[in-house]
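Text of the file model_32.tsv, holding TSV, C-alpha atoms:
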chain	number	residue	atom	x	y	z
U	33	MET	CA	-6.77	-2.97	5.71
U	34	VAL	CA	-10.31	-4.11	6.30
U	35	THR	CA	-9.57	-3.97	10.01
U	36	LYS	CA	-8.34	-0.44	9.52
U	37	THR	CA	-11.61	0.49	7.83
U	38	ALA	CA	-13.55	-1.08	10.66
U	39	ALA	CA	-11.44	0.65	13.31
U	40	ALA	CA	-12.32	4.02	11.86
U	41	THR	CA	-16.04	3.39	11.71
U	42	ALA	CA	-16.58	5.31	14.92
U	43	SER	CA	-16.11	8.48	12.86
U	44	VAL	CA	-17.63	7.14	9.63
U	45	PRO	CA	-21.35	7.79	9.09
U	46	ALA	CA	-23.37	4.59	8.87
U	47	SER	CA	-24.43	5.49	5.34
U	48	LYS	CA	-20.80	5.31	4.23
U	49	PHE	CA	-19.93	2.11	6.05
U	50	ILE	CA	-21.56	-0.31	3.62
U	51	PRO	CA	-20.24	1.19	0.34
U	52	LEU	CA	-16.76	1.54	1.84
U	53	SER	CA	-16.76	-2.06	3.06
U	54	MET	CA	-17.99	-3.23	-0.34
U	55	SER	CA	-15.18	-1.31	-2.07
U	56	ALA	CA	-12.59	-2.74	0.29
U	57	PHE	CA	-13.86	-6.31	-0.13
U	58	LEU	CA	-13.99	-5.99	-3.90
U	59	GLY	CA	-10.39	-4.69	-3.80
U	60	LEU	CA	-9.29	-7.55	-1.56
U	61	PHE	CA	-10.99	-10.05	-3.82
U	62	ILE	CA	-9.26	-8.71	-6.95
U	63	VAL	CA	-5.81	-8.51	-5.35
U	64	GLY	CA	-6.33	-11.94	-3.80
U	65	PHE	CA	-7.29	-13.46	-7.13
U	66	VAL	CA	-4.44	-11.93	-9.11
U	67	GLY	CA	-1.73	-12.19	-6.48
U	68	PHE	CA	-2.59	-15.03	-4.17
U	69	SER	CA	-4.78	-17.65	-5.84
U	70	HIS	CA	-3.13	-21.06	-6.16
U	71	MET	CA	-4.66	-21.88	-9.54
U	72	GLU	CA	-1.87	-22.76	-11.92
U	73	ALA	CA	-3.29	-20.92	-14.93
U	74	VAL	CA	-3.85	-17.72	-12.93
U	75	HIS	CA	-0.35	-18.01	-11.52
U	76	ASN	CA	1.18	-18.37	-14.97
U	77	ALA	CA	-0.82	-15.51	-16.44
U	78	ALA	CA	0.08	-13.16	-13.58
U	79	HIS	CA	3.60	-14.57	-13.13
U	80	ASP	CA	5.66	-11.49	-13.98
U	81	THR	CA	3.25	-9.24	-12.09
U	82	ARG	CA	3.52	-11.37	-8.97
U	83	HIS	CA	7.30	-11.28	-9.06
U	84	SER	CA	7.43	-7.57	-9.85
U	85	LEU	CA	5.01	-6.68	-7.06
U	86	ALA	CA	6.99	-8.88	-4.65
U	87	PHE	CA	4.00	-11.08	-3.83
U	88	PRO	CA	4.99	-14.40	-2.28
U	89	CYS	CA	5.25	-16.69	-5.31
U	90	HIS	CA	5.98	-20.39	-5.97
B	233	MET	CA	-24.68	3.08	-3.70
B	234	LEU	CA	-23.57	6.24	-5.45
B	235	LEU	CA	-20.50	6.33	-3.23
B	236	PHE	CA	-19.67	2.74	-4.18
B	237	ARG	CA	-20.18	3.47	-7.89
B	238	ASN	CA	-17.99	6.58	-7.68
B	239	ILE	CA	-15.24	4.72	-5.83
B	240	VAL	CA	-15.25	1.91	-8.41
B	241	PHE	CA	-15.16	4.44	-11.25
B	242	THR	CA	-12.23	6.28	-9.64
B	243	ALA	CA	-10.35	3.06	-8.90
B	244	VAL	CA	-10.82	1.80	-12.46
B	245	ILE	CA	-9.40	4.99	-14.00
B	246	ALA	CA	-6.51	5.22	-11.53
B	247	GLY	CA	-5.82	1.48	-11.85
B	248	LEU	CA	-5.92	1.48	-15.63
B	249	LEU	CA	-3.45	4.35	-15.97
B	250	SER	CA	-1.08	3.34	-13.18
B	251	GLY	CA	-1.24	-0.32	-14.27
B	252	LEU	CA	-0.29	0.59	-17.83
B	253	LEU	CA	2.56	2.78	-16.56
B	254	MET	CA	3.67	-0.09	-14.32
B	255	THR	CA	3.75	-2.43	-17.33
B	256	VAL	CA	5.95	-0.01	-19.27
B	257	MET	CA	8.31	0.45	-16.30
B	258	GLN	CA	8.51	-3.31	-15.75
B	259	SER	CA	9.33	-3.99	-19.39
B	260	PHE	CA	12.51	-1.98	-18.93
B	261	SER	CA	13.40	-3.02	-15.38
B	262	THR	CA	12.07	-6.12	-13.67
B	263	VAL	CA	10.87	-8.30	-16.56
B	264	PRO	CA	14.28	-8.55	-18.34
B	265	LEU	CA	15.79	-9.61	-14.99
B	266	ILE	CA	13.03	-12.22	-14.51
B	267	LEU	CA	13.72	-13.63	-17.99
B	268	GLN	CA	17.44	-13.70	-17.27
B	269	ALA	CA	16.84	-15.53	-13.98
B	270	GLU	CA	14.69	-18.09	-15.77
B	271	THR	CA	17.66	-19.13	-17.91
B	272	TYR	CA	19.56	-20.11	-14.73
B	273	GLU	CA	16.49	-21.77	-13.36
B	274	ASN	CA	15.90	-23.86	-16.46
B	275	ALA	CA	19.56	-24.82	-16.66
B	276	GLY	CA	19.82	-25.84	-13.01
B	277	GLY	CA	16.46	-27.43	-12.33
B	278	GLU	CA	16.11	-30.18	-14.89
B	279	GLU	CA	16.36	-33.15	-12.59
B	280	ALA	CA	13.58	-32.47	-10.11
B	281	GLY	CA	10.70	-30.32	-9.09
B	282	HIS	CA	8.97	-29.82	-12.40
B	283	SER	CA	6.10	-31.97	-11.26
B	284	HIS	CA	5.30	-30.00	-8.16
B	285	ALA	CA	2.12	-28.10	-8.71
B	286	HIS	CA	1.10	-25.33	-6.36
B	287	ASP	CA	-1.74	-27.36	-4.92
B	288	ALA	CA	0.72	-30.09	-4.05
B	289	ALA	CA	3.39	-27.73	-2.75
B	290	PRO	CA	3.33	-28.86	0.90
B	291	VAL	CA	3.70	-32.52	-0.11
B	292	ALA	CA	6.40	-31.93	-2.69
B	293	GLY	CA	8.09	-29.47	-0.35
B	294	THR	CA	8.57	-32.02	2.37
B	295	ALA	CA	9.36	-34.95	0.10
B	296	ALA	CA	11.92	-33.38	-2.20
B	297	PRO	CA	15.51	-33.00	-1.06
B	298	THR	CA	16.42	-29.43	-0.15
B	299	ALA	CA	18.92	-29.14	-2.97
B	300	ALA	CA	16.23	-29.95	-5.50
B	301	LEU	CA	13.91	-27.50	-3.80
B	302	ALA	CA	16.51	-24.82	-4.07
B	303	ALA	CA	17.28	-25.47	-7.69
B	304	ALA	CA	13.87	-26.23	-9.07
B	305	ASP	CA	11.26	-24.57	-6.93
B	306	HIS	CA	10.03	-22.80	-9.99
B	307	HIS	CA	8.37	-24.77	-12.69
B	308	HIS	CA	6.25	-24.59	-15.75
B	309	ASP	CA	4.02	-27.61	-15.82
B	310	ASP	CA	3.43	-29.06	-19.22
B	311	GLU	CA	-0.26	-29.54	-18.48
B	312	ALA	CA	-0.97	-26.09	-17.04
B	313	TRP	CA	-1.74	-23.30	-19.42
B	314	ALA	CA	0.78	-20.48	-19.60
B	315	PRO	CA	0.94	-17.51	-21.94
B	316	ALA	CA	3.47	-17.87	-24.76
B	317	ASP	CA	6.58	-15.73	-24.41
B	318	GLY	CA	6.51	-12.42	-26.18
B	319	PHE	CA	3.36	-10.47	-26.87
B	320	GLU	CA	0.96	-12.90	-25.19
B	321	ARG	CA	2.96	-12.90	-21.97
B	322	LEU	CA	3.18	-9.10	-22.00
B	323	PHE	CA	-0.56	-8.91	-22.60
B	324	TYR	CA	-1.38	-11.04	-19.55
B	325	THR	CA	1.21	-9.26	-17.40
B	326	SER	CA	-0.35	-5.98	-18.40
B	327	GLY	CA	-3.83	-7.26	-17.54
B	328	ALA	CA	-2.64	-8.58	-14.17
B	329	ASN	CA	-0.94	-5.26	-13.44
B	330	ILE	CA	-4.09	-3.29	-14.25
B	331	LEU	CA	-6.31	-5.64	-12.22
B	332	SER	CA	-3.98	-5.48	-9.20
B	333	ALA	CA	-3.84	-1.70	-9.55
B	334	ILE	CA	-7.66	-1.47	-9.58
B	335	GLY	CA	-7.80	-3.72	-6.52
B	336	PHE	CA	-5.19	-1.65	-4.68
B	337	GLY	CA	-7.01	1.50	-5.81
B	338	LEU	CA	-10.30	0.25	-4.34
B	339	LEU	CA	-8.59	-0.50	-1.03
B	340	LEU	CA	-6.71	2.80	-1.00
B	341	ILE	CA	-9.85	4.86	-1.66
B	342	ALA	CA	-11.95	2.87	0.82
B	343	VAL	CA	-9.37	3.34	3.57
B	344	ALA	CA	-8.84	7.03	2.71
B	345	GLU	CA	-12.58	7.70	2.72
B	346	ALA	CA	-13.00	5.90	6.04
B	347	LEU	CA	-10.20	8.04	7.48
B	348	GLY	CA	-11.88	11.29	6.50
B	349	GLY	CA	-11.95	11.48	2.71
B	350	LEU	CA	-9.71	11.49	-0.31
B	351	GLY	CA	-9.36	14.64	-2.38
B	352	GLY	CA	-6.65	16.32	-4.38
B	353	TRP	CA	-3.33	15.11	-5.72
B	354	ARG	CA	-1.31	15.82	-2.58
B	355	ASN	CA	-3.68	13.92	-0.32
B	356	GLY	CA	-3.68	11.09	-2.85
B	357	LEU	CA	0.12	11.11	-3.00
B	358	MET	CA	0.34	10.71	0.79
B	359	PHE	CA	-1.99	7.71	0.68
B	360	GLY	CA	-0.05	6.33	-2.28
B	361	ILE	CA	3.23	6.54	-0.35
B	362	ALA	CA	1.52	4.91	2.63
B	363	GLY	CA	0.40	2.16	0.25
B	364	PHE	CA	3.98	1.65	-0.92
B	365	LEU	CA	5.26	1.45	2.67
B	366	THR	CA	2.47	-0.96	3.62
B	367	VAL	CA	2.27	-3.26	0.62
B	368	SER	CA	5.79	-3.17	-0.88
B	369	LEU	CA	8.39	-2.07	1.63
B	370	ALA	CA	7.23	-3.61	4.92
B	371	PRO	CA	6.58	-7.15	3.59
B	372	GLY	CA	9.73	-6.83	1.46
B	373	LEU	CA	11.89	-6.40	4.57
B	374	GLY	CA	11.12	-9.97	5.59
B	375	LEU	CA	10.40	-11.49	2.20
B	376	PRO	CA	12.58	-9.67	-0.33
B	377	PRO	CA	11.30	-9.64	-3.91
B	378	GLU	CA	12.17	-13.02	-5.39
B	379	LEU	CA	13.41	-13.99	-8.80
B	380	PRO	CA	12.28	-17.26	-10.37
B	381	GLY	CA	14.53	-20.11	-9.27
B	382	MET	CA	15.30	-18.68	-5.86
B	383	PRO	CA	14.66	-20.86	-2.82
B	384	ALA	CA	11.78	-19.95	-0.55
B	385	ALA	CA	9.82	-21.45	2.31
B	386	GLU	CA	6.44	-23.03	1.68
B	387	LEU	CA	3.99	-20.73	-0.06
B	388	GLY	CA	1.12	-20.84	2.45
B	389	PRO	CA	3.01	-19.58	5.53
B	390	ARG	CA	4.71	-16.87	3.44
B	391	GLN	CA	1.35	-15.64	2.19
B	392	VAL	CA	0.02	-15.58	5.76
B	393	TRP	CA	3.10	-13.65	6.97
B	394	TRP	CA	2.82	-11.24	4.04
B	395	MET	CA	-0.84	-10.45	4.70
B	396	SER	CA	-0.34	-10.15	8.47
B	397	THR	CA	2.54	-7.75	7.88
B	398	VAL	CA	0.43	-5.62	5.56
B	399	VAL	CA	-2.42	-5.43	8.09
B	400	CYS	CA	-0.08	-4.63	11.03
B	401	THR	CA	1.78	-1.97	9.03
B	402	ALA	CA	-1.46	-0.37	7.83
B	403	LEU	CA	-2.80	-0.23	11.39
B	404	GLY	CA	0.51	1.12	12.70
B	405	LEU	CA	0.76	3.87	10.09
B	406	ALA	CA	-2.90	4.84	10.60
B	407	LEU	CA	-2.38	5.10	14.37
B	408	LEU	CA	0.74	7.24	13.86
B	409	ALA	CA	-1.00	9.56	11.43
B	410	TYR	CA	-4.44	9.85	13.02
B	411	THR	CA	-3.97	9.66	16.79
B	412	ARG	CA	-2.10	11.95	19.17
B	413	SER	CA	-1.53	9.97	22.36
B	414	ALA	CA	1.91	8.66	23.33
B	415	LEU	CA	0.46	5.30	24.29
B	416	LEU	CA	-1.08	4.77	20.85
B	417	ALA	CA	2.17	5.87	19.22
B	418	ALA	CA	3.94	3.16	21.20
B	419	VAL	CA	1.31	0.64	20.09
B	420	ALA	CA	1.84	1.81	16.50
B	421	ILE	CA	5.61	1.23	16.69
B	422	LEU	CA	4.98	-2.19	18.18
B	423	LEU	CA	2.60	-3.05	15.31
B	424	LEU	CA	5.17	-1.89	12.76
B	425	ILE	CA	8.01	-4.01	14.14
B	426	ALA	CA	6.10	-7.05	15.45
B	427	PRO	CA	6.02	-8.92	12.10
B	428	HIS	CA	9.79	-8.50	11.77
B	429	ILE	CA	10.46	-9.69	15.31
B	430	ILE	CA	8.34	-12.76	14.64
B	431	GLY	CA	10.16	-13.11	11.32
B	432	ALA	CA	9.14	-14.30	7.88
B	433	PRO	CA	9.20	-18.02	7.02
B	434	LEU	CA	12.67	-18.80	5.64
B	435	PRO	CA	13.76	-21.49	3.18
B	436	PRO	CA	15.86	-24.38	4.51
B	437	THR	CA	18.76	-23.25	2.33
B	438	HIS	CA	19.60	-20.13	0.39
B	439	ASP	CA	21.61	-21.92	-2.30
B	440	THR	CA	20.58	-20.81	-5.75
B	441	ALA	CA	21.93	-20.70	-9.28
B	442	VAL	CA	20.69	-17.12	-9.61
B	443	PRO	CA	23.60	-14.70	-9.12
B	444	MET	CA	23.42	-12.35	-6.11
B	445	GLU	CA	24.15	-9.40	-8.34
B	446	LEU	CA	21.10	-10.17	-10.51
B	447	HIS	CA	18.94	-10.43	-7.41
B	448	ALA	CA	20.24	-7.13	-6.00
B	449	ARG	CA	19.37	-5.34	-9.23
B	450	PHE	CA	15.94	-6.97	-9.19
B	451	VAL	CA	15.20	-5.87	-5.60
B	452	ASN	CA	16.16	-2.28	-6.48
B	453	ALA	CA	14.03	-2.36	-9.62
B	454	VAL	CA	11.01	-3.71	-7.72
B	455	TYR	CA	11.16	-1.02	-5.04
B	456	ALA	CA	11.74	1.79	-7.54
B	457	THR	CA	8.92	0.74	-9.87
B	458	ASN	CA	6.52	0.10	-7.00
B	459	LEU	CA	7.22	3.48	-5.43
B	460	VAL	CA	6.42	5.24	-8.72
B	461	PHE	CA	3.40	3.00	-9.27
B	462	TRP	CA	1.90	3.72	-5.83
B	463	ALA	CA	2.61	7.43	-6.08
B	464	VAL	CA	0.89	7.63	-9.48
B	465	LEU	CA	-2.02	5.44	-8.33
B	466	GLY	CA	-2.57	7.69	-5.29
B	467	VAL	CA	-2.24	10.96	-7.22
B	468	ILE	CA	-4.69	9.91	-9.96
B	469	ALA	CA	-7.12	8.49	-7.40
B	470	GLY	CA	-6.98	11.77	-5.45
B	471	LEU	CA	-7.50	13.89	-8.56
B	472	VAL	CA	-10.35	11.82	-10.01
B	473	ARG	CA	-12.05	11.45	-6.62
B	474	GLU	CA	-11.99	15.24	-6.17
B	475	LYS	CA	-13.59	15.82	-9.59
B	476	PHE	CA	-16.04	12.98	-9.50
B	477	ARG	CA	-18.49	12.98	-6.60
B	478	ALA	CA	-21.67	12.84	-8.67
B	479	GLY	CA	-24.79	12.40	-6.56
B	480	GLU	CA	-23.03	12.12	-3.20
B	481	VAL	CA	-24.68	14.19	-0.49
B	482	GLU	CA	-22.19	16.49	1.19
B	483	VAL	CA	-22.51	15.95	4.92
B	484	ALA	CA	-22.52	19.16	6.97
B	485	GLY	CA	-18.95	19.94	8.08
B	486	SER	CA	-17.72	17.58	5.41
B	487	ASN	CA	-15.21	14.94	6.37
B	488	ARG	CA	-12.77	16.24	3.82
B	489	GLU	CA	-12.51	19.56	5.56
B	490	LEU	CA	-11.92	17.83	8.85
B	491	ALA	CA	-9.18	15.76	7.27
B	492	ALA	CA	-7.44	18.88	6.02
B	493	HIS	CA	-6.72	20.04	9.59

Would you mind writing the structure in this file as structure tokens?
Amino acid sequence: MVTKTAAATASVPASKFIPLSMSAFLGLFIVGFVGFSHMEAVHNAAHDTRHSLAFPCH
Amino acid sequence: MLLFRNIVFTAVIAGLLSGLLMTVMQSFSTVPLILQAETYENAGGEEAGHSHAHDAAPVAGTAAPTAALAAADHHHDDEAWAPADGFERLFYTSGANILSAIGFGLLLIAVAEALGGLGGWRNGLMFGIAGFLTVSLAPGLGLPPELPGMPAAELGPRQVWWMSTVVCTALGLALLAYTRSALLAAVAILLLIAPHIIGAPLPPTHDTAVPMELHARFVNAVYATNLVFWAVLGVIAGLVREKFRAGEVEVAGSNRELAAH
């Protein structure tokens, strides 16, 4: 999705590029932490969410 | 930075509400099925696999016999912290739902703004549906939603396939929606199907103690709840974004108007 943001930058004013990239990276970081981090405690806390959102789990 | 602040504000509101709704929907649909699957898992997986931590997954995955893998892939380490069943577990699930929803909201708004702007419930709904197709349906074709105790290939390659599929699908859908040339449409179709031609990493065996019927109900529940979740996330994001643009300078011939045509 970051790539998608970057692909559209031709039509995005430069002033928007940085805040949009920051939003996208923050979003990726949060989803990555909740859904993809290998830490056991995070996995256990988010267990039912990971299964219910069909993230690859276990 | 006003744009960033406004996007975060919008994503937090949309994520909070849609995440809470998701938690309620899950409590009636997917979570009871997960708990039911765990009873099979705990009954069938006593003899092996409980030691394999996620960090050690590749090692344990290659060393353990496939039957043990199939039966006891899922585990609850004694050392690792886990929320207690009941309220505590629901609390953490709810928090994880809301956090994921805020993260998805940030991505949805960022992509929508880059593609011309997000405004209004209908526009938000379209992006929400696109989010469902990209993040739930497309990866789910290759890696169906899994119940605890079901066999699966190693975690790392599945995560890589999942993310690649999401990126390819997002690019494909964006090309279909925002370009008009036949060549790019062909490229878009190719991007949409490429991950499925390559194929998701599969487990060595599909043997599991979890009944097929339970899994079928779970897959349906996951798709239904995720569709509603993404639709609500998109609609709320679109509505809040339209109302809340404090301090943003409107560029002449605003992007939103362009997007409407």

Identify, on the basis of all atoms listed in the file, every residue whose closest approach to Ala384 of chain B does not exceed 8 Å; exclude the query and any residue fewer than 2 positions from it along the same chain; express the result as a list in words.
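Answer for this query is His90 of chain U; Ala302, Asp305, Met382, Glu386, Leu387, Leu434, Pro435, Pro436 and His438 of chain B.
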
So that I can check the surroundings of segment 362-370 of chain B, please list as an mmCIF file with C-alpha atoms, in the frame of the given file every protein, DNA and RNA residue that reaches within 6 Å of it, counting only C-alpha atoms and ignoring chain neighbours fewer than 6 positions away.
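Output below, filename out_32.cif:
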data_model
loop_
_atom_site.group_PDB
_atom_site.id
_atom_site.type_symbol
_atom_site.label_atom_id
_atom_site.label_comp_id
_atom_site.auth_asym_id
_atom_site.auth_seq_id
_atom_site.Cartn_x
_atom_site.Cartn_y
_atom_site.Cartn_z
ATOM 1 C CA VAL B 398 0.430 -5.620 5.560
ATOM 2 C CA THR B 401 1.780 -1.970 9.030
ATOM 3 C CA ALA B 402 -1.460 -0.370 7.830
ATOM 4 C CA LEU B 459 7.220 3.480 -5.430
ATOM 5 C CA TRP B 462 1.900 3.720 -5.830
#

Counting all atoms listed in the file, collect the residues of chain B whose closest atom lies at most 8 Å from chain U, and write them out as a PDB file with C-alpha atoms, in the frame of the given file.
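Saved file out_31.pdb follows:
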ATOM      1  CA  MET B 233     -24.680   3.080  -3.700  1.00  0.00           C
ATOM      2  CA  LEU B 235     -20.500   6.330  -3.230  1.00  0.00           C
ATOM      3  CA  PHE B 236     -19.670   2.740  -4.180  1.00  0.00           C
ATOM      4  CA  ILE B 239     -15.240   4.720  -5.830  1.00  0.00           C
ATOM      5  CA  VAL B 240     -15.250   1.910  -8.410  1.00  0.00           C
ATOM      6  CA  GLN B 258       8.510  -3.310 -15.750  1.00  0.00           C
ATOM      7  CA  THR B 262      12.070  -6.120 -13.670  1.00  0.00           C
ATOM      8  CA  VAL B 263      10.870  -8.300 -16.560  1.00  0.00           C
ATOM      9  CA  ILE B 266      13.030 -12.220 -14.510  1.00  0.00           C
ATOM     10  CA  ALA B 285       2.120 -28.100  -8.710  1.00  0.00           C
ATOM     11  CA  HIS B 286       1.100 -25.330  -6.360  1.00  0.00           C
ATOM     12  CA  ASP B 287      -1.740 -27.360  -4.920  1.00  0.00           C
ATOM     13  CA  ASP B 305      11.260 -24.570  -6.930  1.00  0.00           C
ATOM     14  CA  HIS B 306      10.030 -22.800  -9.990  1.00  0.00           C
ATOM     15  CA  ALA B 312      -0.970 -26.090 -17.040  1.00  0.00           C
ATOM     16  CA  TRP B 313      -1.740 -23.300 -19.420  1.00  0.00           C
ATOM     17  CA  ALA B 314       0.780 -20.480 -19.600  1.00  0.00           C
ATOM     18  CA  PRO B 315       0.940 -17.510 -21.940  1.00  0.00           C
ATOM     19  CA  ARG B 321       2.960 -12.900 -21.970  1.00  0.00           C
ATOM     20  CA  TYR B 324      -1.380 -11.040 -19.550  1.00  0.00           C
ATOM     21  CA  THR B 325       1.210  -9.260 -17.400  1.00  0.00           C
ATOM     22  CA  SER B 326      -0.350  -5.980 -18.400  1.00  0.00           C
ATOM     23  CA  ALA B 328      -2.640  -8.580 -14.170  1.00  0.00           C
ATOM     24  CA  ASN B 329      -0.940  -5.260 -13.440  1.00  0.00           C
ATOM     25  CA  LEU B 331      -6.310  -5.640 -12.220  1.00  0.00           C
ATOM     26  CA  SER B 332      -3.980  -5.480  -9.200  1.00  0.00           C
ATOM     27  CA  ILE B 334      -7.660  -1.470  -9.580  1.00  0.00           C
ATOM     28  CA  GLY B 335      -7.800  -3.720  -6.520  1.00  0.00           C
ATOM     29  CA  PHE B 336      -5.190  -1.650  -4.680  1.00  0.00           C
ATOM     30  CA  GLY B 337      -7.010   1.500  -5.810  1.00  0.00           C
ATOM     31  CA  LEU B 338     -10.300   0.250  -4.340  1.00  0.00           C
ATOM     32  CA  LEU B 339      -8.590  -0.500  -1.030  1.00  0.00           C
ATOM     33  CA  ALA B 342     -11.950   2.870   0.820  1.00  0.00           C
ATOM     34  CA  VAL B 343      -9.370   3.340   3.570  1.00  0.00           C
ATOM     35  CA  GLU B 345     -12.580   7.700   2.720  1.00  0.00           C
ATOM     36  CA  ALA B 346     -13.000   5.900   6.040  1.00  0.00           C
ATOM     37  CA  LEU B 347     -10.200   8.040   7.480  1.00  0.00           C
ATOM     38  CA  GLY B 348     -11.880  11.290   6.500  1.00  0.00           C
ATOM     39  CA  SER B 368       5.790  -3.170  -0.880  1.00  0.00           C
ATOM     40  CA  GLY B 372       9.730  -6.830   1.460  1.00  0.00           C
ATOM     41  CA  LEU B 375      10.400 -11.490   2.200  1.00  0.00           C
ATOM     42  CA  PRO B 376      12.580  -9.670  -0.330  1.00  0.00           C
ATOM     43  CA  PRO B 377      11.300  -9.640  -3.910  1.00  0.00           C
ATOM     44  CA  GLU B 378      12.170 -13.020  -5.390  1.00  0.00           C
ATOM     45  CA  LEU B 379      13.410 -13.990  -8.800  1.00  0.00           C
ATOM     46  CA  PRO B 380      12.280 -17.260 -10.370  1.00  0.00           C
ATOM     47  CA  ALA B 384      11.780 -19.950  -0.550  1.00  0.00           C
ATOM     48  CA  LEU B 387       3.990 -20.730  -0.060  1.00  0.00           C
ATOM     49  CA  ARG B 390       4.710 -16.870   3.440  1.00  0.00           C
ATOM     50  CA  GLN B 391       1.350 -15.640   2.190  1.00  0.00           C
ATOM     51  CA  TRP B 394       2.820 -11.240   4.040  1.00  0.00           C
ATOM     52  CA  VAL B 398       0.430  -5.620   5.560  1.00  0.00           C
ATOM     53  CA  VAL B 399      -2.420  -5.430   8.090  1.00  0.00           C
ATOM     54  CA  ALA B 402      -1.460  -0.370   7.830  1.00  0.00           C
ATOM     55  CA  LEU B 403      -2.800  -0.230  11.390  1.00  0.00           C
ATOM     56  CA  ALA B 406      -2.900   4.840  10.600  1.00  0.00           C
ATOM     57  CA  VAL B 454      11.010  -3.710  -7.720  1.00  0.00           C
ATOM     58  CA  ASN B 458       6.520   0.100  -7.000  1.00  0.00           C
TER      59      ASN B 458
END

Please indicate the distance in Å from atom CA of Met254 of chain B to atom CA of Gly327 of chain B, rounded to one decimal place.
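Straight-line distance from atom CA of Met254 of chain B to atom CA of Gly327 of chain B works out to 10.9 Å.
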
One number please: atom CA of Gly351 of chain B to atom CA of Gly404 of chain B, in Å, one decimal.
22.5 Å

Need the shell around Leu408 of chain B: protein/DNA/RNA residues with any atom at most 7 Å away, counting only C-alpha atoms. Skip same-chain ones fewer than 3 positions apart. Format as a PyMOL selection string?
chain B and resi 404-405+411+417+420

Around all of segment 253-261 of chain B's listed atoms, make the axis-aligned box with 3 Å on each side and tell me centre and edge lengths in Å to one decimal, as JSON.
{"center_x": 8.0, "center_y": -0.6, "center_z": -16.9, "size_x": 16.8, "size_y": 12.8, "size_z": 11.1}

Writing N, CA and C atoms and nothing else, produce segment 44-55 of chain U as a PDB file, in the first residue's frame.
ATOM      1  N   VAL U  44       0.124  13.952  -6.560  1.00  0.00           N
ATOM      2  CA  VAL U  44      -0.014  14.447  -5.188  1.00  0.00           C
ATOM      3  C   VAL U  44       0.937  15.619  -4.973  1.00  0.00           C
ATOM      4  N   PRO U  45       0.429  16.758  -4.496  1.00  0.00           N
ATOM      5  CA  PRO U  45       1.316  17.889  -4.231  1.00  0.00           C
ATOM      6  C   PRO U  45       2.390  17.498  -3.216  1.00  0.00           C
ATOM      7  N   ALA U  46       3.570  18.083  -3.393  1.00  0.00           N
ATOM      8  CA  ALA U  46       4.695  17.732  -2.517  1.00  0.00           C
ATOM      9  C   ALA U  46       4.356  17.976  -1.051  1.00  0.00           C
ATOM     10  N   SER U  47       3.536  18.992  -0.788  1.00  0.00           N
ATOM     11  CA  SER U  47       3.201  19.313   0.596  1.00  0.00           C
ATOM     12  C   SER U  47       2.416  18.188   1.261  1.00  0.00           C
ATOM     13  N   LYS U  48       1.714  17.398   0.442  1.00  0.00           N
ATOM     14  CA  LYS U  48       0.921  16.301   1.002  1.00  0.00           C
ATOM     15  C   LYS U  48       1.733  15.027   1.148  1.00  0.00           C
ATOM     16  N   PHE U  49       2.827  14.939   0.389  1.00  0.00           N
ATOM     17  CA  PHE U  49       3.535  13.663   0.310  1.00  0.00           C
ATOM     18  C   PHE U  49       4.044  13.209   1.670  1.00  0.00           C
ATOM     19  N   ILE U  50       4.652  14.143   2.421  1.00  0.00           N
ATOM     20  CA  ILE U  50       5.243  13.752   3.705  1.00  0.00           C
ATOM     21  C   ILE U  50       4.181  13.344   4.731  1.00  0.00           C
ATOM     22  N   PRO U  51       3.130  14.162   4.964  1.00  0.00           N
ATOM     23  CA  PRO U  51       2.116  13.711   5.929  1.00  0.00           C
ATOM     24  C   PRO U  51       1.419  12.414   5.519  1.00  0.00           C
ATOM     25  N   LEU U  52       1.208  12.214   4.218  1.00  0.00           N
ATOM     26  CA  LEU U  52       0.562  10.969   3.787  1.00  0.00           C
ATOM     27  C   LEU U  52       1.480   9.778   4.014  1.00  0.00           C
ATOM     28  N   SER U  53       2.774   9.951   3.718  1.00  0.00           N
ATOM     29  CA  SER U  53       3.710   8.850   3.956  1.00  0.00           C
ATOM     30  C   SER U  53       3.802   8.539   5.435  1.00  0.00           C
ATOM     31  N   MET U  54       3.833   9.603   6.260  1.00  0.00           N
ATOM     32  CA  MET U  54       3.895   9.379   7.708  1.00  0.00           C
ATOM     33  C   MET U  54       2.673   8.612   8.186  1.00  0.00           C
ATOM     34  N   SER U  55       1.489   8.981   7.697  1.00  0.00           N
ATOM     35  CA  SER U  55       0.261   8.273   8.089  1.00  0.00           C
ATOM     36  C   SER U  55       0.346   6.812   7.689  1.00  0.00           C
TER      37      SER U  55
END
